[in-house]
Amino acid sequence: MTIELPRDKPAFFIGWSRDVPRSIRHFMLIVSAAVFLGAAIAGFGIGVAAPDPGTGDYQFPEVTLTGVIAARPQPILRLAPDETHKTAHAVLLSSEGTNGAQDVVADLDGKRVEIRGLLIKRGAVDMLEIAQIKPADGPVAAVPAPPIALGRWRVTGEICDGKCYTGAMRPGSGLAHKACAGICFVGGVPALFVSTGPIEGSSFLLIVDKTTGTFSPAFRDLTALRIAIEGEVERVDDLLIFRADPATAKVL
């Protein structure tokens, strides 16, 4: 007896065959298109939901700002209210590259100065990279207000390099930025604590050690990680200062 096999292509997959059944081929095309489209939609959604990484550039041209220096706990320039800022405004200070401004302003605490430099900005946070600093002529328009204590807080968020986070580099946060942030912290660049939710209307806090008033080496291992930490919060002009206790930190 001779059995004649059907000449049509099989309706199921055969490993050694070069032919793929039409029904399976159509199914594979549909699944592949759905996976590709789903990945594209998911990527777009993640990108939209992610925080703005900043412009990645300094703001040109250079600006000249006049205000009062506060050298501790970290160097800031305290500006009087103007058309842009209806209340007194605090600007973080740094030097060129990965260096802070502690040595530059060490003898200028409480003095009125004029600073020319490049402004780095992200949201309500400003940092000025000092190119030139000199005493300013004329009296202080108003005596800067003392810090306002806001109590003890337990906050959740991430320790970031204040210079890169405000826009000097992409990314300015997350594990991809951890090594670069460590270099900036060694140089004395101020650190920001970026909270997951607003605290007294702001999600950006200048973080220092509650005991030393400086950036503690204990914070370096916690950089770029989602943590919960406790400490005292105070307001200087429109800037929140977080005097945190490293012993209370917990990685989430």
# chains A, B, ... in the order shown; residues from 1 in each chain; ligands from 1
>>> residues_around(residues="Arg226 (chain A)", least_positions_apart="2", cutoff="9 Å", atoms="only C-alpha atoms", output="ChimeraX atom specification")
/A:156-159,174,222-224,228,250-252
>>> write_last_selection(atoms="C-alpha atoms", output="PDB file, in the first residue's frame")
ATOM      1  CA  THR A 156      12.459  59.956  52.393  1.00  0.00           C
ATOM      2  CA  GLY A 157      14.473  60.716  49.295  1.00  0.00           C
ATOM      3  CA  GLU A 158      17.952  60.763  47.783  1.00  0.00           C
ATOM      4  CA  ILE A 159      21.232  62.549  48.506  1.00  0.00           C
ATOM      5  CA  GLY A 174      20.626  57.974  40.645  1.00  0.00           C
ATOM      6  CA  LEU A 222      24.087  56.685  51.148  1.00  0.00           C
ATOM      7  CA  THR A 223      24.414  58.837  48.025  1.00  0.00           C
ATOM      8  CA  ALA A 224      22.117  57.964  45.096  1.00  0.00           C
ATOM      9  CA  ALA A 228      14.742  57.558  55.049  1.00  0.00           C
ATOM     10  CA  LYS A 250      17.802  53.530  56.558  1.00  0.00           C
ATOM     11  CA  VAL A 251      18.108  52.312  52.965  1.00  0.00           C
ATOM     12  CA  LEU A 252      14.669  51.466  51.591  1.00  0.00           C
TER      13      LEU A 252
END
>>> residues_around(residues="region 128-131 of chain A", least_positions_apart="6", cutoff="8 Å", atoms="only C-alpha atoms", output="NGL selection string")
:A and (91-96 or 101 or 115-120)
>>> closest_residue(among="A:His177, A:Lys163, A:Lys121, A:Arg25", to="Thr98 (chain A)", atoms="only C-alpha atoms")
A:Lys163
>>> residues_around(residues="Glu230 (chain A)", least_positions_apart="5", cutoff="10 Å", atoms="only C-alpha atoms", output="list in words")
Arg152, Trp153, Arg154, Val155, Thr156, Lys210, Phe242, Arg243, Ala244, Asp245, Pro246, Ala247, Thr248, Ala249 and Lys250 of chain A
>>> select_by_dssp(residues="region 72-184 of chain A", states="strand (DSSP E or B)", output="PyMOL selection string")
chain A and resi 76-79+89-94+100+112-122+125-135+148-161
>>> residues_around(residues="region 214-216 of chain A", least_positions_apart="2", cutoff="10 Å", atoms="only C-alpha atoms", output="list of chain:residue names")
A:Arg72, A:Pro73, A:Gln74, A:Phe185, A:Val186, A:Gly188, A:Val189, A:Pro190, A:Ala191, A:Leu206, A:Ile207, A:Val208, A:Asp209, A:Lys210, A:Thr211, A:Thr212, A:Ala218, A:Phe219, A:Arg220, A:Arg243, A:Ala244, A:Asp245, A:Pro246
>>> atom_distance(atom1="CA of Gly172 (chain A)", atom2="CA of Cys160 (chain A)")
7.1 Å
>>> select_by_dssp(residues="region 94-146 of chain A", states="alpha helix (DSSP H)", output="list in words")
Gln102, Asp103, Val104 and Val105 of chain A
>>> write_last_selection(atoms="C-alpha atoms", output="CSV table (one decimal), in the first residue's frame")
chain,number,residue,atom,x,y,z
A,102,GLN,CA,34.4,77.3,51.5
A,103,ASP,CA,37.9,78.6,51.1
A,104,VAL,CA,36.8,81.4,48.8
A,105,VAL,CA,34.3,82.9,51.3
>>> residues_around(residues="Lys134 (chain A)", least_positions_apart="6", cutoff="12 Å", atoms="only C-alpha atoms", output="list in words")
Thr64, Leu65, Thr66, Gly67, Val68, Ile69, Val104, Val105, Asp107, Leu108, Lys111, Arg112, Val113, Glu114, Ile115, Arg116 and Gly117 of chain A
>>> write_last_selection(atoms="C-alpha atoms", output="short mmCIF file (atom, residue, chain, number, x, y, z; two decimals), in the first residue's frame")
data_model
loop_
_atom_site.label_atom_id
_atom_site.label_comp_id
_atom_site.auth_asym_id
_atom_site.auth_seq_id
_atom_site.Cartn_x
_atom_site.Cartn_y
_atom_site.Cartn_z
CA THR A 64 26.62 89.47 38.57
CA LEU A 65 24.76 89.15 41.88
CA THR A 66 25.09 91.31 44.99
CA GLY A 67 24.15 90.01 48.41
CA VAL A 68 25.37 88.90 51.82
CA ILE A 69 27.57 85.85 52.32
CA VAL A 104 36.78 81.42 48.79
CA VAL A 105 34.27 82.90 51.26
CA ASP A 107 36.75 85.53 55.47
CA LEU A 108 33.58 87.03 54.03
CA LYS A 111 29.74 90.70 54.46
CA ARG A 112 28.11 92.25 51.44
CA VAL A 113 29.79 91.12 48.22
CA GLU A 114 29.45 91.24 44.46
CA ILE A 115 29.91 87.92 42.67
CA ARG A 116 30.29 87.38 38.95
CA GLY A 117 29.85 83.83 37.70
#
